[in-house]
Amino acid sequence: MFLRAFSFPTMQLPRASDEAVELAERVVLIDKIGFIVQLKEREQKVASKPGDLEKWVTSNVLKKGIKQVQNTRELLRAYKGLSLVNHFGHRVSFAPIDPDDLVSMIIYRVPAKSRPFRAARFKKGRNGGFVHILRDVDYFEICEHFVTPVELLDYFSFRRDVLNNWDPAGTAVSEEALIGQYLLEDYSSEPDPKFERAARSRGGPTACEFSFVLDSLSGKIASQTSDYADTDCYEILTEIALLGRYELKALKQQVRLALEAVRANRFELPFRIASGRTGCGFLIVPVTREFHARAVDALESLSIASKHELDLPRQVGIGMWKNSEFVDIEWIFHEGTNPPNPGLDERLTHSYPFRNASEQRLPPIFV
């Protein structure tokens, strides 16, 4: 979902007609973070000589691929702004980008029956840039665990520091072991195969429920008639994309509880979380069949009230109700300051519609 909205082929990047440098495959840009991605694939051959795979990786990945990533970084550095078209055909505009803030990676594929071989896990460019080197199966394993761009950014920051600090120990273990070590929040130990076990768990039913809800947002984006990615749906998707691991986990749990209430036609007070880091709140309103007719109005008023009470600059509202065998999802977005509103304050005092709020300090983000 995030890649379809915020991933762009580099052929869209404006270049002077006389520039013939090769660029990486894609860029992923969202807010002030992003990724430069290069893909490499070795064609299937009838036979290969000993050392051919290593030579191919050295030539195509470590030399040519790194150069393409560096060319892309330098090109992005030259822009004062960008306007690109995403997978949905919507135009997305960006302020000036600092390529040093982007994660660079090369993902390569070799034939499935290739003999075992060991390739570099990273490469440092002459300009000091760090480039992650990943086999395709390892990249897919990473994506099984981390959903949002910020989650990926945090993991790759951890991966960079581990490979820098513990090489060659870091390069001797599997990607699964590095993922497990990150999930266990063991940021100081030497990489070890024992961490693989922690990476073998998946998101389970909570992740499936969240994917269902996110698909409804994707459908709204795909069907929008505007040519520009400046609608509320894109604002909502951006706010979700900026959630870190623990914030996303909390949101997934609230979404699952709300869906369970709707499917059981059970009344529940709204569920909500707010991220002090991003300044955005998320309110999930499960609606019973009895109140279907007033569901949209309730979602609107409760979202405004929650944003006001918590004094948040941005608020995402998610309404859920079941009209037939399917659950309908409605999304709204509010942004702006919260001026004094004595009338709303009085209503909240006399008829408080939310659960008691509590503040929790999340573990530190790995940077």
# chains A, B, ... in the order shown; residues from 1 in each chain; ligands from 1
call {"tool": "residues_around", "arguments": {"residues": "segment 25-29 of chain A", "least_positions_apart": "2", "cutoff": "7 Å", "atoms": "only C-alpha atoms", "output": "list of chain:residue names"}}
result
A:Phe6, A:Ser7, A:Phe8, A:Pro9, A:Thr10, A:Leu23, A:Asp31, A:Ile33, A:Gly34, A:Phe35, A:Ile36, A:Val37, A:Gln38, A:Leu39
call {"tool": "residues_around", "arguments": {"residues": "segment 267-269 of chain A", "least_positions_apart": "6", "cutoff": "10 Å", "atoms": "only C-alpha atoms", "output": "list of chain:residue names"}}
result
A:Leu257, A:Ala258, A:Ala261, A:Ile284, A:Val285, A:Pro286, A:Val287, A:Thr288, A:Arg289, A:Glu290, A:Pro353, A:Phe354, A:Arg355
call {"tool": "select_by_dssp", "arguments": {"residues": "segment 176-309 of chain A", "states": "alpha helix (DSSP H)", "output": "PyMOL selection string"}}
result
chain A and resi 176-183+204-223+232-241+245-263+295-309
call {"tool": "residues_around", "arguments": {"residues": "segment 150-161 of chain A", "least_positions_apart": "5", "cutoff": "9 Å", "atoms": "only C-alpha atoms", "output": "ChimeraX atom specification"}}
result
/A:33-35,102-103,122,130-132,142-143,145,166,170,178-179,182,187,241-245,248,365-367
call {"tool": "closest_residue", "arguments": {"among": "A:Arg200, A:Arg109, A:Lys220, A:Arg256", "to": "Met1 of chain A", "atoms": "only C-alpha atoms"}}
result
A:Lys220
call {"tool": "residues_around", "arguments": {"residues": "Arg314 of chain A", "least_positions_apart": "6", "cutoff": "6 Å", "atoms": "only C-alpha atoms", "output": "NGL selection string"}}
result
:A and (280 or 334-335)
call {"tool": "select_by_dssp", "arguments": {"residues": "segment 4-73 of chain A", "states": "strand (DSSP E)", "output": "list in words"}}
result
Ser7, Phe8, Pro9, Arg26, Val27, Val28, Leu29, Ile30, Ile33, Gly34, Phe35, Ile36, Val37, Gln38, Leu39, Lys40 and Glu41 of chain A
call {"tool": "atom_distance", "arguments": {"atom1": "atom CA of Glu22 of chain A", "atom2": "atom CA of Gln68 of chain A"}}
result
5.5 Å
call {"tool": "atom_distance", "arguments": {"atom1": "atom CA of Glu196 of chain A", "atom2": "atom CA of Asp167 of chain A"}}
result
18.2 Å
call {"tool": "residues_around", "arguments": {"residues": "Pro313 of chain A", "least_positions_apart": "3", "cutoff": "9 Å", "atoms": "only C-alpha atoms", "output": "number ranges by chain"}}
result
A: 279-281, 307-308, 334-338
call {"tool": "residues_around", "arguments": {"residues": "segment 111-113 of chain A", "least_positions_apart": "5", "cutoff": "9 Å", "atoms": "only C-alpha atoms", "output": "NGL selection string"}}
result
:A and (41-45)
call {"tool": "atom_distance", "arguments": {"atom1": "atom CA of Leu312 of chain A", "atom2": "atom CA of Pro340 of chain A"}}
result
13.2 Å
call {"tool": "closest_residue", "arguments": {"among": "A:Ala177, A:Met11, A:Leu214, A:Val262", "to": "Glu325 of chain A", "atoms": "only C-alpha atoms"}}
result
A:Val262
call {"tool": "closest_residue", "arguments": {"among": "A:Lys55, A:Arg73, A:Arg121, A:Arg272", "to": "Val316 of chain A", "atoms": "only C-alpha atoms"}}
result
A:Arg272
call {"tool": "closest_residue", "arguments": {"among": "A:Gln70, A:Ala95, A:Phe140, A:Phe117", "to": "Lys32 of chain A", "atoms": "only C-alpha atoms"}}
result
A:Ala95
